[in-house]
Amino acid sequence: MKRLMTWFNSLPSYYRIALVPGLVALVCTLYITWQGLTLPGIHPGFADKDFANYWTAGKLILAGRTADLFGPHPVYFAHLTEVFGPDYPWHNWSYPPHYLLFLGPLGLFGYKVAMMLFLAVTGAFFVWAARAFGGRDNSLVWIAIIPFVAHNLWVAQNGFLFAGCALAALAFRDSRPLLAGVFLGLLTIKPQLGVFFPFLLLAERRWLVIASAAATTFFLVGLSAAIFGVDAWRGYLAEVIPYQAFVMRELEGTFLAMLTSVYGMLRNWGLSADIALPLHAVIAIPAAIITIAAFFLGGSDRDRSVLLLVATFVVTPYALTYDLGLLAGALAVLAITGIAQGNRNGLLVAVAMLLPVIMMPLGEAHVTIAPLLIMMIYAMALANTGAWERLRAAQGITRRNRAKSPFSASG
């Protein structure tokens, strides 16, 4: 305990600001979750989780009815109401068939046991990946991830799994490229979180990682088609993707409070999707171009990794609170970097660490702070790469070379 208090007192005050509320949120989440899971039957608050989709998918796999996942939404939703009752709130299936390769075992258990197993296994994987990325000697990793862990336990989503895949791919792309590629292949289940990886890998000439990721993706897609049928993929393209696009454009309420993007902020303020999406693109397209250019302009592997993670939330319109594990990994690195630089921007990083637990309550009141905070973190990450300085230096060299060229003289 004395050693723990010594560590706590050694932290800058703003990281204590992040740690204490994060721990409170985690303890409350664990207590409420335990209470709900130990009650007889399935408490409505614990049935109304996205995990219900994964568990139902596991049941349908074992029953040989996976086609119902990739048909019209009412066909799938009927399975949910059959289990959880006619008043069960709206849920939809949104994942490609190769996600099913990992969900079959969930159908072997009851709902509550399956949920605990899923969160425990994926949570342990995320913690392992976050420490591998952020540095095992970086104790600020724990402060960065605790709010996200608390939130993802509460919503019972797959955020641990896919954030872990992204962080592990970045952590091992140099030392274990084949393994890094496998993690990227898994990340194709949620492709909006991997939009920048191809550009980073090309800039760094990580050919083995690219080959491993491509092979893993083809293997997973082929295996899922062989097991669940090609019609599962046809249904995904013809039914699931269009319906998910409808959800993205039309769903309101808590969904908008959970979106981390400029698009989500504008929708939460009452703008229609037809207006919000172009305005989002005004920011996202330049940010994407700048980010890709920064990958090719050099900098350290660590700084490029942080930039990729933060830029993902600037560019994609469809990232939610349970995807913020990627940002948590980036913040852990920015925190230790900031301390080395004299605690510059520490308060900003600390507040950003709390986004997973403060976004939803603020968003419900239409106070949307995530896009603004993330844009400031993005500017910090971009500055750390030194890309702007390298670009200016290159322009200066070009101008000097032109001035020395005999062909630059007039006449």
# chains A, B, ... in the order shown; residues from 1 in each chain; ligands from 1
call {"tool": "residues_around", "arguments": {"residues": "Met265 in chain A", "least_positions_apart": "6", "cutoff": "10 Å", "atoms": "only C-alpha atoms", "output": "number ranges by chain"}}
result
A: 256-259, 271, 276, 280, 317, 363, 366-372
call {"tool": "write_last_selection", "arguments": {"atoms": "N, CA, C and O atoms", "output": "PDB file, in the first residue's frame"}}
result
ATOM      1  N   LEU A 256     -26.527   8.522 -30.890  1.00  0.00           N
ATOM      2  CA  LEU A 256     -25.826   9.752 -31.264  1.00  0.00           C
ATOM      3  C   LEU A 256     -24.940  10.252 -30.133  1.00  0.00           C
ATOM      4  O   LEU A 256     -23.880  10.837 -30.377  1.00  0.00           O
ATOM      5  N   ALA A 257     -25.354  10.021 -28.898  1.00  0.00           N
ATOM      6  CA  ALA A 257     -24.532  10.430 -27.756  1.00  0.00           C
ATOM      7  C   ALA A 257     -23.256   9.609 -27.662  1.00  0.00           C
ATOM      8  O   ALA A 257     -22.288  10.037 -27.030  1.00  0.00           O
ATOM      9  N   MET A 258     -23.234   8.435 -28.299  1.00  0.00           N
ATOM     10  CA  MET A 258     -22.079   7.550 -28.233  1.00  0.00           C
ATOM     11  C   MET A 258     -21.120   7.729 -29.406  1.00  0.00           C
ATOM     12  O   MET A 258     -20.004   7.219 -29.365  1.00  0.00           O
ATOM     13  N   LEU A 259     -21.525   8.415 -30.449  1.00  0.00           N
ATOM     14  CA  LEU A 259     -20.655   8.617 -31.602  1.00  0.00           C
ATOM     15  C   LEU A 259     -19.555   9.621 -31.267  1.00  0.00           C
ATOM     16  O   LEU A 259     -19.826  10.687 -30.696  1.00  0.00           O
ATOM     17  N   LEU A 271     -28.878  18.233 -36.692  1.00  0.00           N
ATOM     18  CA  LEU A 271     -28.726  18.296 -38.135  1.00  0.00           C
ATOM     19  C   LEU A 271     -29.027  16.937 -38.759  1.00  0.00           C
ATOM     20  O   LEU A 271     -28.798  15.886 -38.140  1.00  0.00           O
ATOM     21  N   ALA A 276     -24.903  16.654 -42.086  1.00  0.00           N
ATOM     22  CA  ALA A 276     -23.816  16.334 -41.164  1.00  0.00           C
ATOM     23  C   ALA A 276     -22.670  15.588 -41.845  1.00  0.00           C
ATOM     24  O   ALA A 276     -21.497  15.844 -41.555  1.00  0.00           O
ATOM     25  N   HIS A 280     -18.815  16.702 -41.995  1.00  0.00           N
ATOM     26  CA  HIS A 280     -17.793  15.818 -41.436  1.00  0.00           C
ATOM     27  C   HIS A 280     -16.658  15.618 -42.440  1.00  0.00           C
ATOM     28  O   HIS A 280     -15.479  15.650 -42.067  1.00  0.00           O
ATOM     29  N   PRO A 317     -16.642   8.391 -39.572  1.00  0.00           N
ATOM     30  CA  PRO A 317     -17.843   8.928 -38.927  1.00  0.00           C
ATOM     31  C   PRO A 317     -18.487   7.929 -37.979  1.00  0.00           C
ATOM     32  O   PRO A 317     -19.296   8.307 -37.140  1.00  0.00           O
ATOM     33  N   GLY A 363     -23.444  13.634 -23.731  1.00  0.00           N
ATOM     34  CA  GLY A 363     -24.113  13.562 -25.026  1.00  0.00           C
ATOM     35  C   GLY A 363     -25.618  13.520 -24.910  1.00  0.00           C
ATOM     36  O   GLY A 363     -26.332  14.073 -25.754  1.00  0.00           O
ATOM     37  N   HIS A 366     -26.877  16.706 -24.981  1.00  0.00           N
ATOM     38  CA  HIS A 366     -26.461  17.375 -26.221  1.00  0.00           C
ATOM     39  C   HIS A 366     -25.218  18.242 -26.034  1.00  0.00           C
ATOM     40  O   HIS A 366     -25.013  19.223 -26.750  1.00  0.00           O
ATOM     41  N   VAL A 367     -24.404  17.875 -25.055  1.00  0.00           N
ATOM     42  CA  VAL A 367     -23.109  18.517 -24.864  1.00  0.00           C
ATOM     43  C   VAL A 367     -22.064  17.533 -25.390  1.00  0.00           C
ATOM     44  O   VAL A 367     -21.701  16.578 -24.719  1.00  0.00           O
ATOM     45  N   THR A 368     -21.628  17.765 -26.618  1.00  0.00           N
ATOM     46  CA  THR A 368     -20.736  16.826 -27.295  1.00  0.00           C
ATOM     47  C   THR A 368     -19.325  17.392 -27.313  1.00  0.00           C
ATOM     48  O   THR A 368     -19.045  18.363 -28.007  1.00  0.00           O
ATOM     49  N   ILE A 369     -18.432  16.757 -26.543  1.00  0.00           N
ATOM     50  CA  ILE A 369     -17.071  17.290 -26.429  1.00  0.00           C
ATOM     51  C   ILE A 369     -16.032  16.398 -27.104  1.00  0.00           C
ATOM     52  O   ILE A 369     -14.910  16.840 -27.346  1.00  0.00           O
ATOM     53  N   ALA A 370     -16.386  15.157 -27.415  1.00  0.00           N
ATOM     54  CA  ALA A 370     -15.385  14.213 -27.921  1.00  0.00           C
ATOM     55  C   ALA A 370     -14.693  14.687 -29.194  1.00  0.00           C
ATOM     56  O   ALA A 370     -13.451  14.652 -29.268  1.00  0.00           O
ATOM     57  N   PRO A 371     -15.413  15.138 -30.236  1.00  0.00           N
ATOM     58  CA  PRO A 371     -14.707  15.532 -31.465  1.00  0.00           C
ATOM     59  C   PRO A 371     -13.720  16.678 -31.244  1.00  0.00           C
ATOM     60  O   PRO A 371     -12.635  16.680 -31.843  1.00  0.00           O
ATOM     61  N   LEU A 372     -14.076  17.622 -30.408  1.00  0.00           N
ATOM     62  CA  LEU A 372     -13.182  18.759 -30.163  1.00  0.00           C
ATOM     63  C   LEU A 372     -11.936  18.313 -29.411  1.00  0.00           C
ATOM     64  O   LEU A 372     -10.810  18.707 -29.747  1.00  0.00           O
TER      65      LEU A 372
END
call {"tool": "residues_around", "arguments": {"residues": "Gly194 in chain A", "least_positions_apart": "3", "cutoff": "10 Å", "atoms": "only C-alpha atoms", "output": "ChimeraX atom specification"}}
result
/A:162,165-166,184-185,187-191,197-198,308-309,312,316
call {"tool": "closest_residue", "arguments": {"among": "A:Val240, A:Trp388, A:Pro44, A:Tyr378", "to": "Val315 in chain A", "atoms": "only C-alpha atoms"}}
result
A:Tyr378
call {"tool": "atom_distance", "arguments": {"atom1": "CA of Ser212 in chain A", "atom2": "CA of Val182 in chain A"}}
result
6.1 Å
call {"tool": "closest_atom_pairs", "arguments": {"of": "range 303-377 of chain A", "to": "range 118-136 of chain A", "cutoff": "8 Å", "atoms": "only C-alpha atoms", "output": "JSON lines"}}
result
{"residue": "A:Gly329", "atom": "CA", "partner": "A:Ala130", "partner_atom": "CA", "distance": 5.8}
{"residue": "A:Ala330", "atom": "CA", "partner": "A:Gly134", "partner_atom": "CA", "distance": 7.7}
{"residue": "A:Ala332", "atom": "CA", "partner": "A:Gly134", "partner_atom": "CA", "distance": 6.0}
{"residue": "A:Val333", "atom": "CA", "partner": "A:Gly134", "partner_atom": "CA", "distance": 5.6}
call {"tool": "write_last_selection", "arguments": {"atoms": "N, CA and C atoms", "output": "mmCIF file, in the first residue's frame"}}
result
data_model
loop_
_atom_site.group_PDB
_atom_site.id
_atom_site.type_symbol
_atom_site.label_atom_id
_atom_site.label_comp_id
_atom_site.auth_asym_id
_atom_site.auth_seq_id
_atom_site.Cartn_x
_atom_site.Cartn_y
_atom_site.Cartn_z
ATOM 1 N N GLY A 329 -4.935 3.644 -25.807
ATOM 2 C CA GLY A 329 -3.544 3.261 -26.045
ATOM 3 C C GLY A 329 -2.697 4.434 -26.467
ATOM 4 N N ALA A 330 -3.249 5.267 -27.360
ATOM 5 C CA ALA A 330 -2.514 6.450 -27.808
ATOM 6 C C ALA A 330 -2.280 7.425 -26.662
ATOM 7 N N ALA A 332 -1.984 6.785 -23.499
ATOM 8 C CA ALA A 332 -0.958 6.285 -22.581
ATOM 9 C C ALA A 332 0.433 6.677 -23.051
ATOM 10 N N VAL A 333 0.666 6.605 -24.353
ATOM 11 C CA VAL A 333 1.965 6.992 -24.902
ATOM 12 C C VAL A 333 2.138 8.507 -24.851
#
call {"tool": "closest_atom_pairs", "arguments": {"of": "range 72-164 of chain A", "to": "range 55-68 of chain A", "cutoff": "10 Å", "atoms": "only C-alpha atoms", "output": "CSV"}}
result
residue,atom,partner,partner_atom,distance
A:Pro72,CA,A:Asp68,CA,7.9
A:His73,CA,A:Asp68,CA,8.7
A:Pro74,CA,A:Asp68,CA,9.4
A:Val75,CA,A:Asp68,CA,6.1
A:Tyr76,CA,A:Asp68,CA,5.4
A:Phe77,CA,A:Asp68,CA,9.2
A:Ala78,CA,A:Asp68,CA,9.6
A:His79,CA,A:Thr56,CA,7.5
A:Leu80,CA,A:Thr56,CA,7.2
A:Val83,CA,A:Thr56,CA,8.9
A:Trp93,CA,A:Ala57,CA,8.8
A:Pro97,CA,A:Thr66,CA,8.9
A:Tyr99,CA,A:Ala57,CA,9.7
A:Leu100,CA,A:Ala57,CA,7.2
A:Leu101,CA,A:Ile61,CA,9.4
A:Phe102,CA,A:Gly58,CA,8.7
A:Leu103,CA,A:Gly58,CA,5.1
A:Gly104,CA,A:Gly58,CA,4.3
A:Pro105,CA,A:Gly58,CA,6.5
A:Leu106,CA,A:Gly58,CA,5.2
A:Gly107,CA,A:Gly58,CA,4.1
A:Leu108,CA,A:Lys59,CA,7.6
A:Phe109,CA,A:Trp55,CA,8.8
A:Gly110,CA,A:Trp55,CA,8.7
A:Tyr111,CA,A:Trp55,CA,6.7
A:Lys112,CA,A:Trp55,CA,9.7
A:Ala114,CA,A:Trp55,CA,7.2
A:Met115,CA,A:Trp55,CA,7.9
A:Phe118,CA,A:Trp55,CA,9.6
call {"tool": "write_last_selection", "arguments": {"atoms": "N, CA and C atoms", "output": "short mmCIF file (atom, residue, chain, number, x, y, z; two decimals), in the first residue's frame"}}
result
data_model
loop_
_atom_site.label_atom_id
_atom_site.label_comp_id
_atom_site.auth_asym_id
_atom_site.auth_seq_id
_atom_site.Cartn_x
_atom_site.Cartn_y
_atom_site.Cartn_z
N PRO A 72 -33.51 -10.18 -43.86
CA PRO A 72 -34.17 -8.94 -43.43
C PRO A 72 -34.16 -8.80 -41.91
N HIS A 73 -34.07 -7.58 -41.43
CA HIS A 73 -33.95 -7.34 -40.00
C HIS A 73 -35.06 -7.98 -39.18
N PRO A 74 -36.34 -7.94 -39.60
CA PRO A 74 -37.39 -8.56 -38.78
C PRO A 74 -37.17 -10.05 -38.54
N VAL A 75 -36.55 -10.73 -39.49
CA VAL A 75 -36.30 -12.16 -39.31
C VAL A 75 -35.33 -12.38 -38.16
N TYR A 76 -34.27 -11.58 -38.12
CA TYR A 76 -33.30 -11.71 -37.04
C TYR A 76 -33.89 -11.24 -35.71
N PHE A 77 -34.58 -10.13 -35.73
CA PHE A 77 -35.08 -9.56 -34.47
C PHE A 77 -36.09 -10.47 -33.81
N ALA A 78 -36.78 -11.29 -34.60
CA ALA A 78 -37.74 -12.22 -34.03
C ALA A 78 -37.06 -13.20 -33.08
N HIS A 79 -35.81 -13.54 -33.34
CA HIS A 79 -35.08 -14.44 -32.44
C HIS A 79 -34.82 -13.77 -31.09
N LEU A 80 -34.56 -12.46 -31.10
CA LEU A 80 -34.31 -11.74 -29.86
C LEU A 80 -35.58 -11.65 -29.02
N VAL A 83 -36.52 -14.85 -27.20
CA VAL A 83 -35.76 -15.18 -26.00
C VAL A 83 -36.01 -14.17 -24.89
N TRP A 93 -28.23 -6.89 -36.24
CA TRP A 93 -26.98 -7.58 -36.52
C TRP A 93 -26.22 -6.79 -37.58
N PRO A 97 -19.75 -12.27 -41.97
CA PRO A 97 -19.80 -13.69 -41.57
C PRO A 97 -18.56 -14.20 -40.86
N TYR A 99 -16.98 -13.00 -38.49
CA TYR A 99 -17.08 -12.82 -37.04
C TYR A 99 -17.69 -14.05 -36.37
N LEU A 100 -18.53 -14.76 -37.11
CA LEU A 100 -19.19 -15.92 -36.56
C LEU A 100 -18.21 -17.02 -36.18
N LEU A 101 -17.03 -17.03 -36.80
CA LEU A 101 -16.04 -18.05 -36.48
C LEU A 101 -15.64 -18.02 -35.01
N PHE A 102 -15.86 -16.89 -34.35
CA PHE A 102 -15.43 -16.73 -32.95
C PHE A 102 -16.60 -16.74 -31.97
N LEU A 103 -17.82 -16.79 -32.49
CA LEU A 103 -18.99 -16.66 -31.62
C LEU A 103 -19.69 -17.98 -31.33
N GLY A 104 -19.38 -19.01 -32.09
CA GLY A 104 -20.05 -20.29 -31.89
C GLY A 104 -19.99 -20.80 -30.46
N PRO A 105 -18.83 -20.76 -29.79
CA PRO A 105 -18.76 -21.28 -28.41
C PRO A 105 -19.69 -20.58 -27.43
N LEU A 106 -20.07 -19.32 -27.71
CA LEU A 106 -20.96 -18.61 -26.78
C LEU A 106 -22.31 -19.30 -26.67
N GLY A 107 -22.73 -19.96 -27.75
CA GLY A 107 -24.02 -20.64 -27.74
C GLY A 107 -24.07 -21.86 -26.85
N LEU A 108 -22.91 -22.29 -26.35
CA LEU A 108 -22.87 -23.46 -25.46
C LEU A 108 -23.25 -23.12 -24.03
N PHE A 109 -23.33 -21.82 -23.72
CA PHE A 109 -23.55 -21.39 -22.34
C PHE A 109 -24.84 -20.58 -22.24
N GLY A 110 -25.31 -20.43 -21.01
CA GLY A 110 -26.40 -19.51 -20.77
C GLY A 110 -25.95 -18.08 -20.99
N TYR A 111 -26.90 -17.17 -21.07
CA TYR A 111 -26.60 -15.79 -21.43
C TYR A 111 -25.60 -15.15 -20.46
N LYS A 112 -25.83 -15.28 -19.16
CA LYS A 112 -25.00 -14.58 -18.19
C LYS A 112 -23.59 -15.17 -18.11
N ALA A 114 -22.08 -16.78 -20.51
CA ALA A 114 -21.42 -16.44 -21.78
C ALA A 114 -20.91 -15.00 -21.76
N MET A 115 -21.71 -14.08 -21.20
CA MET A 115 -21.29 -12.68 -21.14
C MET A 115 -20.04 -12.53 -20.28
N PHE A 118 -17.04 -13.97 -22.17
CA PHE A 118 -16.66 -13.12 -23.30
C PHE A 118 -15.91 -11.88 -22.83
#
call {"tool": "residues_around", "arguments": {"residues": "Ala287 in chain A", "least_positions_apart": "2", "cutoff": "12 Å", "atoms": "only C-alpha atoms", "output": "PDB file with N, CA, C and O atoms, in the first residue's frame"}}
result
ATOM      1  N   PHE A 196      -6.441   3.296 -41.686  1.00  0.00           N
ATOM      2  CA  PHE A 196      -5.113   3.867 -41.958  1.00  0.00           C
ATOM      3  C   PHE A 196      -3.989   2.827 -41.988  1.00  0.00           C
ATOM      4  O   PHE A 196      -2.869   3.146 -42.369  1.00  0.00           O
ATOM      5  N   HIS A 280     -18.815  16.702 -41.995  1.00  0.00           N
ATOM      6  CA  HIS A 280     -17.793  15.818 -41.436  1.00  0.00           C
ATOM      7  C   HIS A 280     -16.658  15.618 -42.440  1.00  0.00           C
ATOM      8  O   HIS A 280     -15.479  15.650 -42.067  1.00  0.00           O
ATOM      9  N   ALA A 281     -17.015  15.443 -43.705  1.00  0.00           N
ATOM     10  CA  ALA A 281     -16.002  15.207 -44.742  1.00  0.00           C
ATOM     11  C   ALA A 281     -15.077  16.403 -44.915  1.00  0.00           C
ATOM     12  O   ALA A 281     -13.894  16.233 -45.274  1.00  0.00           O
ATOM     13  N   VAL A 282     -15.582  17.606 -44.669  1.00  0.00           N
ATOM     14  CA  VAL A 282     -14.747  18.813 -44.790  1.00  0.00           C
ATOM     15  C   VAL A 282     -13.548  18.727 -43.848  1.00  0.00           C
ATOM     16  O   VAL A 282     -12.457  19.224 -44.159  1.00  0.00           O
ATOM     17  N   ILE A 283     -13.732  18.111 -42.709  1.00  0.00           N
ATOM     18  CA  ILE A 283     -12.634  17.932 -41.755  1.00  0.00           C
ATOM     19  C   ILE A 283     -11.902  16.613 -42.003  1.00  0.00           C
ATOM     20  O   ILE A 283     -10.669  16.546 -41.963  1.00  0.00           O
ATOM     21  N   ALA A 284     -12.649  15.561 -42.286  1.00  0.00           N
ATOM     22  CA  ALA A 284     -12.059  14.225 -42.365  1.00  0.00           C
ATOM     23  C   ALA A 284     -11.127  14.068 -43.567  1.00  0.00           C
ATOM     24  O   ALA A 284     -10.054  13.452 -43.438  1.00  0.00           O
ATOM     25  N   ILE A 285     -11.492  14.594 -44.714  1.00  0.00           N
ATOM     26  CA  ILE A 285     -10.666  14.394 -45.913  1.00  0.00           C
ATOM     27  C   ILE A 285      -9.310  15.078 -45.791  1.00  0.00           C
ATOM     28  O   ILE A 285      -8.267  14.440 -46.023  1.00  0.00           O
ATOM     29  N   ILE A 289      -5.573  13.105 -45.577  1.00  0.00           N
ATOM     30  CA  ILE A 289      -4.438  13.407 -46.458  1.00  0.00           C
ATOM     31  C   ILE A 289      -3.205  13.787 -45.645  1.00  0.00           C
ATOM     32  O   ILE A 289      -2.087  13.315 -45.904  1.00  0.00           O
ATOM     33  N   ILE A 290      -3.397  14.617 -44.650  1.00  0.00           N
ATOM     34  CA  ILE A 290      -2.277  15.042 -43.793  1.00  0.00           C
ATOM     35  C   ILE A 290      -1.692  13.845 -43.049  1.00  0.00           C
ATOM     36  O   ILE A 290      -0.468  13.693 -42.938  1.00  0.00           O
ATOM     37  N   THR A 291      -2.556  12.981 -42.535  1.00  0.00           N
ATOM     38  CA  THR A 291      -2.094  11.809 -41.785  1.00  0.00           C
ATOM     39  C   THR A 291      -1.268  10.882 -42.670  1.00  0.00           C
ATOM     40  O   THR A 291      -0.180  10.430 -42.277  1.00  0.00           O
ATOM     41  N   ILE A 292      -1.760  10.592 -43.847  1.00  0.00           N
ATOM     42  CA  ILE A 292      -1.038   9.701 -44.765  1.00  0.00           C
ATOM     43  C   ILE A 292       0.298  10.314 -45.153  1.00  0.00           C
ATOM     44  O   ILE A 292       1.332   9.620 -45.197  1.00  0.00           O
ATOM     45  N   ALA A 293       0.300  11.613 -45.418  1.00  0.00           N
ATOM     46  CA  ALA A 293       1.559  12.285 -45.746  1.00  0.00           C
ATOM     47  C   ALA A 293       2.548  12.185 -44.585  1.00  0.00           C
ATOM     48  O   ALA A 293       3.746  11.960 -44.797  1.00  0.00           O
ATOM     49  N   ALA A 294       2.042  12.320 -43.360  1.00  0.00           N
ATOM     50  CA  ALA A 294       2.919  12.243 -42.184  1.00  0.00           C
ATOM     51  C   ALA A 294       3.543  10.859 -42.049  1.00  0.00           C
ATOM     52  O   ALA A 294       4.693  10.731 -41.618  1.00  0.00           O
ATOM     53  N   LEU A 307      -0.330   8.607 -33.994  1.00  0.00           N
ATOM     54  CA  LEU A 307      -1.060   9.411 -34.979  1.00  0.00           C
ATOM     55  C   LEU A 307      -2.141   8.573 -35.652  1.00  0.00           C
ATOM     56  O   LEU A 307      -3.266   9.042 -35.851  1.00  0.00           O
ATOM     57  N   LEU A 308      -1.818   7.340 -36.023  1.00  0.00           N
ATOM     58  CA  LEU A 308      -2.806   6.475 -36.665  1.00  0.00           C
ATOM     59  C   LEU A 308      -4.019   6.263 -35.757  1.00  0.00           C
ATOM     60  O   LEU A 308      -5.169   6.375 -36.212  1.00  0.00           O
ATOM     61  N   VAL A 310      -5.200   8.053 -33.237  1.00  0.00           N
ATOM     62  CA  VAL A 310      -6.019   9.251 -33.013  1.00  0.00           C
ATOM     63  C   VAL A 310      -6.726   9.663 -34.302  1.00  0.00           C
ATOM     64  O   VAL A 310      -7.913  10.010 -34.293  1.00  0.00           O
ATOM     65  N   ALA A 311      -6.010   9.600 -35.424  1.00  0.00           N
ATOM     66  CA  ALA A 311      -6.590  10.012 -36.703  1.00  0.00           C
ATOM     67  C   ALA A 311      -7.788   9.151 -37.090  1.00  0.00           C
ATOM     68  O   ALA A 311      -8.702   9.620 -37.784  1.00  0.00           O
ATOM     69  N   THR A 312      -7.800   7.911 -36.650  1.00  0.00           N
ATOM     70  CA  THR A 312      -8.935   7.034 -36.943  1.00  0.00           C
ATOM     71  C   THR A 312     -10.240   7.654 -36.464  1.00  0.00           C
ATOM     72  O   THR A 312     -11.259   7.610 -37.160  1.00  0.00           O
ATOM     73  N   PHE A 313     -10.217   8.279 -35.296  1.00  0.00           N
ATOM     74  CA  PHE A 313     -11.432   8.875 -34.737  1.00  0.00           C
ATOM     75  C   PHE A 313     -11.756  10.222 -35.372  1.00  0.00           C
ATOM     76  O   PHE A 313     -12.898  10.671 -35.314  1.00  0.00           O
ATOM     77  N   VAL A 314     -10.775  10.851 -35.972  1.00  0.00           N
ATOM     78  CA  VAL A 314     -11.031  12.102 -36.681  1.00  0.00           C
ATOM     79  C   VAL A 314     -11.712  11.822 -38.012  1.00  0.00           C
ATOM     80  O   VAL A 314     -12.612  12.556 -38.433  1.00  0.00           O
ATOM     81  N   VAL A 315     -11.318  10.732 -38.661  1.00  0.00           N
ATOM     82  CA  VAL A 315     -11.736  10.491 -40.048  1.00  0.00           C
ATOM     83  C   VAL A 315     -13.009   9.661 -40.142  1.00  0.00           C
ATOM     84  O   VAL A 315     -13.910  10.003 -40.906  1.00  0.00           O
ATOM     85  N   THR A 316     -13.107   8.554 -39.393  1.00  0.00           N
ATOM     86  CA  THR A 316     -14.289   7.712 -39.550  1.00  0.00           C
ATOM     87  C   THR A 316     -15.500   8.347 -38.881  1.00  0.00           C
ATOM     88  O   THR A 316     -15.416   8.808 -37.740  1.00  0.00           O
ATOM     89  N   MET A 375      -9.732  16.272 -31.759  1.00  0.00           N
ATOM     90  CA  MET A 375      -9.010  17.113 -32.718  1.00  0.00           C
ATOM     91  C   MET A 375      -7.783  17.754 -32.070  1.00  0.00           C
ATOM     92  O   MET A 375      -6.715  17.864 -32.691  1.00  0.00           O
ATOM     93  N   TYR A 378      -5.269  15.082 -31.723  1.00  0.00           N
ATOM     94  CA  TYR A 378      -4.723  14.821 -33.062  1.00  0.00           C
ATOM     95  C   TYR A 378      -3.615  15.823 -33.407  1.00  0.00           C
ATOM     96  O   TYR A 378      -2.555  15.444 -33.927  1.00  0.00           O
ATOM     97  N   ALA A 379      -3.856  17.100 -33.137  1.00  0.00           N
ATOM     98  CA  ALA A 379      -2.835  18.121 -33.406  1.00  0.00           C
ATOM     99  C   ALA A 379      -1.565  17.838 -32.608  1.00  0.00           C
ATOM    100  O   ALA A 379      -0.444  18.012 -33.112  1.00  0.00           O
ATOM    101  N   LEU A 382       0.185  14.801 -34.229  1.00  0.00           N
ATOM    102  CA  LEU A 382       0.803  15.190 -35.490  1.00  0.00           C
ATOM    103  C   LEU A 382       2.085  15.979 -35.239  1.00  0.00           C
ATOM    104  O   LEU A 382       3.107  15.762 -35.915  1.00  0.00           O
TER     105      LEU A 382
END
call {"tool": "select_by_dssp", "arguments": {"residues": "range 143-341 of chain A", "states": "alpha helix (DSSP H)", "output": "JSON, numbers by chain"}}
result
{"A": [143, 144, 145, 146, 147, 148, 149, 150, 151, 152, 153, 154, 155, 159, 160, 161, 162, 163, 164, 165, 166, 167, 168, 169, 170, 171, 172, 177, 178, 179, 180, 181, 182, 183, 184, 185, 186, 187, 197, 198, 199, 200, 201, 202, 203, 204, 207, 208, 209, 210, 211, 212, 213, 214, 215, 216, 217, 218, 219, 220, 221, 222, 223, 224, 225, 226, 227, 228, 230, 231, 232, 233, 234, 235, 241, 242, 243, 244, 245, 246, 247, 248, 249, 250, 254, 255, 256, 257, 258, 262, 263, 264, 265, 266, 267, 268, 273, 274, 275, 276, 277, 278, 279, 280, 281, 282, 283, 284, 285, 286, 287, 288, 289, 290, 291, 292, 293, 294, 295, 296, 301, 302, 303, 304, 305, 306, 307, 308, 309, 310, 311, 312, 313, 314, 315, 325, 326, 327, 328, 329, 330, 331, 332, 333, 334, 335, 336, 337, 338, 339, 340]}
